[in-house]
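Colleague: The structure file start39.tsv (TSV, C-alpha atoms) is provided below.
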chain	number	residue	atom	x	y	z
D	1	MET	CA	130.27	130.42	118.38
D	2	LEU	CA	133.64	128.64	118.46
D	3	ALA	CA	134.12	125.56	120.60
D	4	THR	CA	136.44	125.55	123.61
D	5	PRO	CA	139.97	124.75	122.39
D	6	LEU	CA	141.70	121.51	123.33
D	7	ASP	CA	143.92	121.73	126.41
D	8	ARG	CA	147.30	120.76	124.98
D	9	GLU	CA	148.80	120.23	128.44
D	10	ALA	CA	146.56	117.17	128.78
D	11	TYR	CA	148.05	115.73	125.58
D	12	PRO	CA	151.84	115.57	125.95
D	13	LEU	CA	153.72	114.11	123.00
D	14	ALA	CA	157.45	113.44	123.06
D	15	ASP	CA	159.40	113.96	119.83
D	16	LEU	CA	156.47	115.82	118.32
D	17	GLU	CA	158.60	117.48	115.66
D	18	THR	CA	159.87	114.13	114.35
D	19	LEU	CA	156.47	112.50	113.77
D	20	SER	CA	155.09	112.24	110.27
D	21	THR	CA	151.56	113.53	109.74
D	22	PRO	CA	148.64	113.15	109.47
D	23	ARG	CA	148.30	110.70	112.35
D	24	LEU	CA	145.66	109.27	114.67
D	25	LEU	CA	146.80	109.39	118.30
D	26	VAL	CA	145.21	107.42	121.14
D	27	TYR	CA	146.11	108.42	124.70
D	28	ARG	CA	146.13	105.32	126.87
D	29	ALA	CA	145.69	107.21	130.14
D	30	HIS	CA	142.52	108.87	128.84
D	31	VAL	CA	141.06	105.55	127.69
D	32	GLU	CA	141.75	104.15	131.15
D	33	SER	CA	140.28	107.25	132.79
D	34	ASN	CA	137.12	106.94	130.70
D	35	ALA	CA	136.78	103.32	131.81
D	36	GLU	CA	137.08	104.30	135.47
D	37	VAL	CA	134.58	107.14	135.03
D	38	LEU	CA	132.07	104.77	133.48
D	39	ARG	CA	132.66	102.16	136.17
D	40	ALA	CA	131.94	104.75	138.87
D	41	ALA	CA	128.83	105.93	137.02
D	42	LEU	CA	127.53	102.36	136.67
D	43	GLU	CA	128.14	101.72	140.35
D	44	SER	CA	126.30	104.91	141.27
D	45	VAL	CA	123.22	103.19	139.82
D	46	ALA	CA	124.08	99.61	140.81
D	47	PRO	CA	126.51	99.74	143.75
D	48	GLY	CA	129.22	97.11	143.88
D	49	THR	CA	128.59	95.71	140.41
D	50	GLY	CA	131.67	97.07	138.62
D	51	PHE	CA	131.30	96.32	134.91
D	52	ARG	CA	128.72	93.56	135.39
D	53	HIS	CA	126.07	95.61	133.55
D	54	LEU	CA	128.37	96.67	130.70
D	55	ALA	CA	128.65	95.18	127.21
D	56	PRO	CA	130.44	97.99	125.33
D	57	HIS	CA	130.05	98.25	121.58
D	58	VAL	CA	133.45	97.92	119.87
D	59	LYS	CA	132.33	99.89	116.81
D	60	THR	CA	134.07	103.00	118.13
D	61	HIS	CA	137.61	101.71	118.54
D	62	LYS	CA	137.57	98.56	116.34
D	63	SER	CA	140.82	97.67	118.06
D	64	LEU	CA	142.23	94.50	119.57
D	65	TRP	CA	144.50	96.72	121.68
D	66	ALA	CA	141.55	98.66	123.15
D	67	THR	CA	139.52	95.49	123.65
D	68	ARG	CA	142.32	93.89	125.65
D	69	LEU	CA	142.79	97.07	127.67
D	70	LEU	CA	139.12	96.95	128.67
D	71	GLN	CA	139.45	93.26	129.48
D	72	GLN	CA	142.33	94.08	131.80
D	73	LYS	CA	140.01	96.54	133.53
D	74	GLY	CA	137.45	93.79	134.10
D	75	VAL	CA	135.10	94.07	131.10
D	76	GLU	CA	133.99	90.59	130.00
D	77	LYS	CA	131.03	91.19	127.67
D	78	PHE	CA	131.11	93.04	124.36
D	79	LYS	CA	128.78	94.07	121.55
D	80	CYS	CA	129.85	94.07	117.92
D	81	THR	CA	128.74	94.07	114.32
D	82	PRO	CA	129.02	90.72	112.50
D	83	GLN	CA	132.13	92.07	110.76
D	84	GLU	CA	133.84	92.76	114.10
D	85	LEU	CA	133.19	89.30	115.52
D	86	ASP	CA	136.57	87.90	114.44
D	87	MET	CA	138.37	90.55	116.49
D	88	LEU	CA	136.48	89.57	119.64
D	89	LEU	CA	137.14	85.90	118.97
D	90	GLU	CA	140.85	86.69	118.76
D	91	ALA	CA	140.58	88.62	122.03
D	92	ALA	CA	138.98	85.55	123.67
D	93	ALA	CA	136.02	87.60	124.87
D	94	LYS	CA	133.81	85.63	127.25
D	95	GLU	CA	130.50	86.88	125.89
D	96	VAL	CA	129.58	88.59	122.61
D	97	LEU	CA	126.32	90.18	121.52
D	98	ILE	CA	125.80	90.76	117.80
D	99	ALA	CA	124.52	94.30	117.35
D	100	TYR	CA	121.59	93.78	114.97
D	101	PRO	CA	119.58	91.09	113.14
D	102	LEU	CA	121.49	88.97	110.65
D	103	LEU	CA	121.13	88.20	106.96
D	104	GLU	CA	122.24	84.88	105.49
D	105	HIS	CA	126.02	85.37	105.23
D	106	ALA	CA	126.33	86.97	108.66
D	107	ALA	CA	124.14	84.23	110.14
D	108	GLU	CA	126.49	81.68	108.60
D	109	ARG	CA	129.50	83.41	110.16
D	110	VAL	CA	127.89	83.40	113.61
D	111	ALA	CA	126.80	79.77	113.40
D	112	SER	CA	130.28	78.77	112.25
D	113	ALA	CA	131.87	80.59	115.17
D	114	ILE	CA	129.55	78.85	117.62
D	115	ALA	CA	130.35	75.48	116.04
D	116	ARG	CA	134.01	75.87	116.97
D	117	ARG	CA	132.84	75.45	120.58
D	118	ALA	CA	135.98	77.02	122.00
D	119	GLY	CA	134.92	80.63	121.77
D	120	PRO	CA	132.64	83.00	123.68
D	121	ARG	CA	128.95	82.71	124.29
D	122	ILE	CA	127.47	84.46	121.26
D	123	THR	CA	123.98	85.95	121.26
D	124	ALA	CA	122.17	87.09	118.10
D	125	HIS	CA	119.06	89.18	117.37
D	126	VAL	CA	115.78	88.39	115.70
D	127	ALA	CA	113.34	91.14	114.72
D	128	ARG	CA	111.30	89.40	112.02
D	129	ARG	CA	110.31	85.87	111.14
D	130	GLU	CA	112.70	86.09	108.19
D	131	HIS	CA	115.61	86.67	110.57
D	132	ALA	CA	114.61	83.62	112.58
D	133	GLU	CA	114.43	81.46	109.47
D	134	LEU	CA	117.87	82.55	108.21
D	135	LEU	CA	119.47	82.09	111.62
D	136	ALA	CA	117.85	78.70	112.23
D	137	ALA	CA	118.92	77.47	108.80
D	138	ALA	CA	122.53	78.42	109.51
D	139	ALA	CA	122.30	76.75	112.92
D	140	ARG	CA	121.06	73.51	111.33
D	141	ARG	CA	123.86	73.48	108.77
D	142	HIS	CA	126.44	73.70	111.56
D	143	GLY	CA	124.63	71.49	114.06
D	144	VAL	CA	124.38	74.17	116.75
D	145	GLU	CA	121.81	76.08	118.78
D	146	ILE	CA	121.92	79.87	118.85
D	147	ASP	CA	120.97	82.12	121.74
D	148	CYS	CA	118.67	84.95	120.60
D	149	LEU	CA	117.23	88.20	121.82
D	150	VAL	CA	114.11	89.66	120.26
D	151	ASP	CA	115.14	93.03	118.82
D	152	VAL	CA	112.55	95.66	119.78
D	153	ASP	CA	112.18	99.16	118.34
D	154	VAL	CA	111.55	101.60	121.18
D	155	GLY	CA	111.87	104.75	119.07
D	156	ASN	CA	115.11	104.60	117.09
D	157	HIS	CA	113.28	103.28	113.98
D	158	ARG	CA	116.26	101.49	112.50
D	159	THR	CA	115.91	97.81	113.36
D	160	GLY	CA	113.54	95.91	115.62
D	161	CYS	CA	109.91	94.89	115.72
D	162	PRO	CA	107.28	97.06	117.43
D	163	PRO	CA	107.11	96.20	121.15
D	164	ARG	CA	103.51	95.00	120.78
D	165	ALA	CA	104.61	92.50	118.11
D	166	ALA	CA	107.43	90.88	120.08
D	167	ALA	CA	105.28	88.33	121.88
D	168	ASP	CA	103.67	87.17	118.63
D	169	LEU	CA	107.12	86.77	117.06
D	170	VAL	CA	108.37	84.69	119.98
D	171	ARG	CA	105.21	82.59	119.96
D	172	ALA	CA	105.52	81.94	116.23
D	173	VAL	CA	109.15	80.85	116.54
D	174	LEU	CA	108.49	78.60	119.52
D	175	SER	CA	105.63	76.87	117.71
D	176	ASN	CA	107.67	76.10	114.59
D	177	PRO	CA	109.83	72.94	114.87
D	178	GLU	CA	112.03	74.13	111.97
D	179	LEU	CA	113.12	77.05	114.16
D	180	GLY	CA	113.92	74.88	117.15
D	181	ALA	CA	117.65	75.67	117.00
D	182	LEU	CA	116.92	79.16	118.35
D	183	ARG	CA	116.92	79.65	122.12
D	184	TRP	CA	115.17	82.76	123.41
D	185	ARG	CA	117.22	84.57	126.06
D	186	GLY	CA	115.60	87.99	126.28
D	187	ILE	CA	115.19	91.41	124.72
D	188	HIS	CA	117.39	93.92	122.92
D	189	ALA	CA	116.16	97.52	122.71
D	190	TYR	CA	118.68	100.05	121.46
D	191	ASP	CA	117.52	103.62	122.11
D	192	GLY	CA	119.84	105.48	119.75
D	193	HIS	CA	117.27	108.24	119.39
D	194	ASN	CA	117.89	109.28	123.01
D	195	SER	CA	120.64	111.82	122.30
D	196	SER	CA	119.15	115.21	123.19
D	197	PRO	CA	121.55	117.80	124.65
D	198	ASP	CA	118.92	118.45	127.33
D	199	PRO	CA	119.33	116.00	130.26
D	200	LYS	CA	115.65	116.36	131.16
D	201	VAL	CA	114.60	115.32	127.67
D	202	ARG	CA	116.97	112.35	127.78
D	203	ALA	CA	115.44	111.29	131.09
D	204	GLU	CA	111.91	111.55	129.67
D	205	VAL	CA	112.85	109.49	126.62
D	206	ALA	CA	114.43	106.83	128.84
D	207	VAL	CA	111.34	106.58	131.03
D	208	LYS	CA	109.10	106.03	128.00
D	209	ALA	CA	111.44	103.61	126.21
D	210	MET	CA	112.17	101.47	129.27
D	211	GLN	CA	108.46	101.27	130.13
D	212	GLU	CA	107.97	99.76	126.68
D	213	VAL	CA	110.79	97.31	127.39
D	214	VAL	CA	109.22	96.26	130.70
D	215	ASP	CA	105.80	95.79	129.10
D	216	CYS	CA	107.38	93.87	126.24
D	217	ALA	CA	109.27	91.59	128.66
D	218	SER	CA	106.04	90.76	130.43
D	219	ALA	CA	104.28	89.91	127.16
D	220	VAL	CA	107.22	87.80	125.89
D	221	SER	CA	107.28	85.85	129.16
D	222	ALA	CA	103.54	85.24	128.89
D	223	ALA	CA	104.10	83.93	125.35
D	224	GLY	CA	106.56	81.36	126.69
D	225	GLY	CA	109.75	83.21	125.88
D	226	ASN	CA	112.63	83.30	128.33
D	227	VAL	CA	113.65	86.82	129.44
D	228	GLU	CA	116.84	86.30	131.36
D	229	ARG	CA	118.68	89.20	129.72
D	230	ILE	CA	117.76	92.72	128.58
D	231	VAL	CA	120.27	94.78	126.58
D	232	VAL	CA	119.71	98.52	126.12
D	233	GLY	CA	121.46	101.83	126.09
D	234	GLY	CA	123.82	103.85	123.92
D	235	THR	CA	126.22	106.34	125.51
D	236	PRO	CA	123.78	109.22	126.18
D	237	GLY	CA	120.99	107.12	127.68
D	238	CYS	CA	122.66	104.05	129.15
D	239	LEU	CA	122.78	105.15	132.81
D	240	LEU	CA	119.20	106.39	132.65
D	241	ASP	CA	118.11	103.07	131.14
D	242	LEU	CA	119.97	101.10	133.79
D	243	HIS	CA	118.33	103.14	136.54
D	244	GLU	CA	114.86	102.66	135.09
D	245	LEU	CA	115.18	98.91	134.73
D	246	THR	CA	117.12	98.02	137.87
D	247	ARG	CA	116.03	100.66	140.36
D	248	ARG	CA	112.56	101.77	139.28
D	249	HIS	CA	111.16	98.61	137.72
D	250	ARG	CA	113.48	96.12	139.44
D	251	VAL	CA	113.25	93.71	136.53
D	252	ASP	CA	114.06	90.07	137.14
D	253	ALA	CA	116.68	89.81	134.40
D	254	GLN	CA	120.33	90.60	133.75
D	255	VAL	CA	120.36	94.17	132.44
D	256	ASP	CA	123.26	95.18	130.19
D	257	VAL	CA	123.98	98.53	128.60
D	258	SER	CA	125.99	98.77	125.38
D	259	PRO	CA	127.52	102.24	124.89
D	260	GLY	CA	130.49	102.63	122.56
D	261	THR	CA	131.55	106.25	122.00
D	262	TRP	CA	132.58	106.81	125.64
D	263	VAL	CA	135.80	104.83	125.10
D	264	TYR	CA	137.39	107.51	122.89
D	265	TRP	CA	134.78	110.32	123.12
D	266	ASP	CA	134.27	113.04	120.53
D	267	SER	CA	133.22	116.67	120.25
D	268	ASN	CA	129.71	115.87	119.02
D	269	TYR	CA	128.83	114.02	122.23
D	270	ASP	CA	130.82	116.42	124.38
D	271	ALA	CA	128.59	119.26	123.16
D	272	LYS	CA	125.61	117.27	124.48
D	273	MET	CA	127.28	115.94	127.65
D	274	PRO	CA	130.06	118.44	128.44
D	275	GLY	CA	133.05	116.91	130.20
D	276	ALA	CA	131.43	113.50	130.69
D	277	PHE	CA	134.56	111.76	129.36
D	278	LYS	CA	137.99	112.73	128.06
D	279	TYR	CA	138.96	112.95	124.43
D	280	ALA	CA	141.18	109.91	124.02
D	281	ALA	CA	141.53	109.80	120.22
D	282	ILE	CA	143.11	112.90	118.66
D	283	LEU	CA	144.20	113.78	115.13
D	284	LEU	CA	147.62	115.29	114.49
D	285	ALA	CA	148.03	117.37	111.33
D	286	GLN	CA	150.40	119.97	109.90
D	287	VAL	CA	149.96	123.24	108.08
D	288	MET	CA	150.87	122.56	104.45
D	289	ASP	CA	150.09	126.02	103.05
D	290	THR	CA	148.84	129.47	104.02
D	291	PRO	CA	146.55	130.68	101.22
D	292	GLY	CA	145.71	133.94	103.02
D	293	GLU	CA	146.89	136.05	105.95
D	294	ASP	CA	144.29	134.51	108.22
D	295	LEU	CA	144.08	131.09	106.56
D	296	ALA	CA	145.95	127.82	107.02
D	297	THR	CA	145.53	124.61	105.06
D	298	LEU	CA	146.02	121.36	106.99
D	299	ASN	CA	147.28	118.14	105.43
D	300	LEU	CA	144.22	116.01	106.13
D	301	GLY	CA	140.66	116.15	104.89
D	302	TYR	CA	137.50	114.14	105.26
D	303	LYS	CA	139.20	110.99	104.01
D	304	ARG	CA	140.84	111.06	107.47
D	305	TRP	CA	138.12	112.65	109.62
D	306	ALA	CA	134.47	111.72	109.30
D	307	ILE	CA	132.29	114.49	107.94
D	308	ASP	CA	128.93	112.81	108.63
D	309	GLN	CA	128.36	114.94	111.75
D	310	GLY	CA	129.81	118.12	110.26
D	311	PRO	CA	133.30	119.63	110.16
D	312	ILE	CA	135.91	119.58	112.93
D	313	GLN	CA	135.15	122.10	115.68
D	314	VAL	CA	137.78	121.55	118.38
D	315	PHE	CA	141.46	122.41	117.85
D	316	ASP	CA	144.37	123.03	120.19
D	317	THR	CA	144.82	126.41	118.50
D	318	PRO	CA	142.31	128.93	119.93
D	319	GLY	CA	140.06	130.60	117.40
D	320	CYS	CA	140.44	128.07	114.57
D	321	GLU	CA	137.36	127.70	112.42
D	322	VAL	CA	136.91	125.41	109.43
D	323	VAL	CA	136.01	127.37	106.29
D	324	ALA	CA	136.60	124.75	103.58
D	325	THR	CA	137.01	120.98	103.38
D	326	SER	CA	138.03	118.48	100.74
D	327	GLU	CA	139.19	114.89	100.57
D	328	GLU	CA	142.80	115.70	101.47
D	329	HIS	CA	142.69	119.19	102.99
D	330	THR	CA	141.04	121.22	105.73
D	331	VAL	CA	141.24	125.02	105.50
D	332	VAL	CA	140.88	126.93	108.76
D	333	ARG	CA	140.53	130.63	109.49
D	334	LEU	CA	142.57	131.97	112.38
D	335	ARG	CA	141.59	134.76	114.71
D	336	ALA	CA	142.93	138.25	114.04
D	337	GLY	CA	146.68	138.56	114.45
D	338	GLN	CA	147.25	134.82	114.73
D	339	ARG	CA	149.57	132.95	112.37
D	340	LEU	CA	150.43	129.31	111.82
D	341	PRO	CA	153.55	128.83	109.67
D	342	VAL	CA	153.99	126.07	107.12
D	343	GLY	CA	154.93	122.90	109.00
D	344	ALA	CA	153.22	123.89	112.26
D	345	ARG	CA	151.59	120.93	114.00
D	346	VAL	CA	147.93	121.12	115.00
D	347	PHE	CA	145.83	118.83	117.20
D	348	LEU	CA	142.19	118.24	116.19
D	349	VAL	CA	139.33	116.44	117.95
D	350	PRO	CA	137.08	114.23	115.78
D	351	ARG	CA	133.47	115.35	115.54
D	352	HIS	CA	132.38	111.70	115.13
D	353	VAL	CA	135.11	109.43	116.45
D	354	CYS	CA	133.53	106.09	115.44
D	355	SER	CA	133.48	106.93	111.74
D	356	THR	CA	136.84	108.70	111.95
D	357	VAL	CA	138.67	105.72	113.44
D	358	ASN	CA	137.37	103.55	110.60
D	359	LEU	CA	139.25	105.77	108.13
D	360	TRP	CA	142.65	104.85	109.58
D	361	GLU	CA	144.74	101.74	109.03
D	362	THR	CA	146.74	102.28	112.22
D	363	PHE	CA	146.96	104.56	115.24
D	364	THR	CA	149.74	105.65	117.57
D	365	VAL	CA	149.39	104.84	121.28
D	366	VAL	CA	150.73	107.55	123.57
D	367	GLY	CA	151.58	106.86	127.21
D	368	PRO	CA	150.84	109.10	130.21
D	369	ASP	CA	154.26	110.78	129.96
D	370	GLY	CA	153.83	111.55	126.28
D	371	ARG	CA	156.13	108.81	125.11
D	372	ILE	CA	154.99	106.66	122.22
D	373	GLU	CA	154.15	103.13	123.35
D	374	ARG	CA	153.03	101.74	119.99
D	375	MET	CA	153.82	103.60	116.78
D	376	CYS	CA	151.56	101.71	114.38
D	377	GLU	CA	148.86	99.76	116.22
D	378	PRO	CA	146.33	98.27	113.73
D	379	VAL	CA	142.71	99.35	113.63
D	380	THR	CA	141.95	95.64	113.66
D	381	ALA	CA	138.36	95.64	112.42
D	382	ARG	CA	138.72	98.56	110.02
D	383	ASN	CA	136.27	98.49	107.12
D	384	ARG	CA	134.36	95.76	108.94
Just give me the structure as structure tokens.
Modeller:
Amino acid sequence: MLATPLDREAYPLADLETLSTPRLLVYRAHVESNAEVLRAALESVAPGTGFRHLAPHVKTHKSLWATRLLQQKGVEKFKCTPQELDMLLEAAAKEVLIAYPLLEHAAERVASAIARRAGPRITAHVARREHAELLAAAARRHGVEIDCLVDVDVGNHRTGCPPRAAADLVRAVLSNPELGALRWRGIHAYDGHNSSPDPKVRAEVAVKAMQEVVDCASAVSAAGGNVERIVVGGTPGCLLDLHELTRRHRVDAQVDVSPGTWVYWDSNYDAKMPGAFKYAAILLAQVMDTPGEDLATLNLGYKRWAIDQGPIQVFDTPGCEVVATSEEHTVVRLRAGQRLPVGARVFLVPRHVCSTVNLWETFTVVGPDGRIERMCEPVTARNR
């Protein structure tokens, strides 16, 4: 079954025929619309709070431009990988959460950033005693203290300690003078496994995962750990998580959710959450050859669109279907009677936008009227 084609009327582009290809396009109005949609959704759970519960992950856009756009909208907290920290420091973000536990070089980078004392409040993760030791050692070298969350695995099975082990970890750190540079602030529990296309299943997963978070918070508090902040929630589950913690359990902590994909959106998530957000990042390609009556070869391959979630599915040309891929080319089959001549321009929607954006050095910002606002805006944290 072919996916619904992209509505080209929603993606105007002045001087289309003069633009070189391939190209990554970002539509500013759609990014802004996605921000307003998320704000309304957050406020439907927590009325009047705006973006107070949001710490979006920058891994999707990796862009100083997009970060500043969100800041203009009122977003103050962000989540990032250690490699993306420099971008958020440049953006003068007020608060930064590092996305996962740190090894020695990343711990050094974080401690060094904190030592500058002119940047944001930076919070790190600890999931094992080894993480605590590496982070504390870096803190001592730079003469700083580091805010920490205990990273808890609530089902994603990627990083984090089991919920039942969190209190013992906190207790062990608090009892060790050599780890005294670490200040416990709360819990991080990323539920990346909560991505079912069935809303009922997502709700069930959220209920279970957030119950584990609540139980873990109680145990950590009993062990002497401070739980002033709880960070949860990728794009599919973040609103469910926020509801569970703030409305059902009414936890006595600042609850933040950290979705990332919503900023640009992609066809993989849209298949699971149809129409939740607008596609804001689009690929522009051209037909470079026509190897058969019903075939067209485009001038970009999986060195320019991420193949980790499968081939492209959404095009502006109805009936297009990918039949072959390579590093530099994508071959599509057209529906009966349809033709795309050499040179024809085609719009494609990334299947996985986060990985796709990382493949580009720059992107082109398009304004609401289709005029180009920035021809070559850097993907600031690319390859980081």
Colleague: Please measure the separation of atom CA of Glu321 of chain D and atom CA of Tyr302 of chain D, giving the value in Å to one decimal.
Modeller: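 According to the coordinates, atom CA of Glu321 of chain D and atom CA of Tyr302 of chain D are separated by 15.3 Å.
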Colleague: Excluding Ala91 of chain D and residues on its chain fewer than 5 positions from it, collect all residues at most 10 Å away from it, counting all atoms listed in the file, and give them as a PyMOL selection string.
Modeller: chain D and resi 63-65+67-68+71+85-86+119-120
Colleague: Go through D:Pro47, D:Gly275, D:Gly260, D:Pro197 and flag the residue nearest Leu242 of chain D, using all atoms listed in the file for the distances.
Modeller: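 Nearest candidate to Leu242 of chain D out of D:Pro47, D:Gly275, D:Gly260, D:Pro197: D:Pro47.
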Colleague: What does the distance between atom CA of Ala280 of chain D and atom CA of Val26 of chain D come to in Å, to one decimal place?
Modeller: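 About the pair atom CA of Ala280 of chain D and atom CA of Val26 of chain D: they are 5.5 Å apart.
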Colleague: Name the closest residue to Val173 of chain D among the candidates D:Val346, D:Thr290, D:Ser196, D:Leu135; distances are taken between atoms, counting only C-alpha atoms.
Modeller: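 Of D:Val346, D:Thr290, D:Ser196, D:Leu135, the one nearest Val173 of chain D, counting only C-alpha atoms, is D:Leu135.
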Colleague: When you count all atoms listed in the file, which of these residues is closest to Pro341 of chain D: D:Ala127, D:Leu134, D:Ala209, D:Val287?
Modeller: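 Residue with the minimum atom-to-atom distance to Pro341 of chain D: D:Val287.
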Colleague: Do a neighbour search on Arg333 of chain D at 12 Å with only C-alpha atoms, toss out local chain neighbours closer than 2 positions, and write the hits as a compact mmCIF listing (two decimals) with C-alpha atoms, in the frame of the given file.
Modeller:
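The result, written out as part_1.txt:
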# COMPACT_ATOMS: atom_id res chain seq x y z
CA LEU D 2 133.64 128.64 118.46
CA THR D 290 148.84 129.47 104.02
CA PRO D 291 146.55 130.68 101.22
CA GLY D 292 145.71 133.94 103.02
CA GLU D 293 146.89 136.05 105.95
CA ASP D 294 144.29 134.51 108.22
CA LEU D 295 144.08 131.09 106.56
CA ALA D 296 145.95 127.82 107.02
CA THR D 297 145.53 124.61 105.06
CA LEU D 298 146.02 121.36 106.99
CA GLN D 313 135.15 122.10 115.68
CA PHE D 315 141.46 122.41 117.85
CA THR D 317 144.82 126.41 118.50
CA PRO D 318 142.31 128.93 119.93
CA GLY D 319 140.06 130.60 117.40
CA CYS D 320 140.44 128.07 114.57
CA GLU D 321 137.36 127.70 112.42
CA VAL D 322 136.91 125.41 109.43
CA VAL D 323 136.01 127.37 106.29
CA ALA D 324 136.60 124.75 103.58
CA THR D 325 137.01 120.98 103.38
CA THR D 330 141.04 121.22 105.73
CA VAL D 331 141.24 125.02 105.50
CA ARG D 335 141.59 134.76 114.71
CA ALA D 336 142.93 138.25 114.04
CA GLY D 337 146.68 138.56 114.45
CA GLN D 338 147.25 134.82 114.73
CA ARG D 339 149.57 132.95 112.37
CA LEU D 340 150.43 129.31 111.82
Colleague: Could you work out how far atom CA of Gly233 of chain D lies from atom CA of Glu36 of chain D, giving the answer in Å with one decimal?
Modeller: 18.4 Å
Colleague: Each residue of segment 327-365 of chain D with at least one atom at most 12 Å from segment 21-25 of chain D should appear once, together with its nearest atom pair and the corresponding distance in Å (one decimal); atoms considered: all atoms listed in the file; ordering: chain, then increasing residue number; output as CSV.
Modeller:
residue,atom,partner,partner_atom,distance
D:Glu328,CA,D:Pro22,CA,10.2
D:His329,CA,D:Pro22,CA,10.7
D:Thr330,CA,D:Pro22,CA,11.7
D:Gly343,CA,D:Thr21,CA,10.0
D:Ala344,CA,D:Thr21,CA,10.8
D:Arg345,CA,D:Thr21,CA,8.5
D:Val346,CA,D:Pro22,CA,9.7
D:Phe347,CA,D:Leu25,CA,9.6
D:Leu348,CA,D:Leu24,CA,9.7
D:Val349,CA,D:Leu24,CA,10.1
D:Pro350,CA,D:Leu24,CA,10.0
D:Val353,CA,D:Leu24,CA,10.7
D:Thr356,CA,D:Leu24,CA,9.2
D:Val357,CA,D:Leu24,CA,7.9
D:Asn358,CA,D:Leu24,CA,10.9
D:Leu359,CA,D:Leu24,CA,9.8
D:Trp360,CA,D:Leu24,CA,7.4
D:Glu361,CA,D:Leu24,CA,9.5
D:Thr362,CA,D:Leu24,CA,7.5
D:Phe363,CA,D:Leu24,CA,4.9
D:Thr364,CA,D:Leu25,CA,4.8
D:Val365,CA,D:Leu25,CA,6.0
Colleague: Write out as a ChimeraX atom specification the residues lying within 9 Å of Leu179 of chain D, counting all atoms listed in the file and excluding same-chain residues fewer than 3 positions away.
Modeller: /D:132-133,135-137,173-176,182
Colleague: Of the candidates D:Ser218, D:Thr261, D:Asn383, D:Asn268, which one gets nearest to His249 of chain D if we count only C-alpha atoms?
Modeller: D:Ser218
Colleague: Using all atoms listed in the file, pick whichever of D:Trp305, D:Ile114, D:Val342, D:Leu42 has the shortest atom-to-atom distance to Ser326 of chain D.
Modeller: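 Between D:Trp305, D:Ile114, D:Val342, D:Leu42, the residue approaching Ser326 of chain D most closely is D:Trp305.
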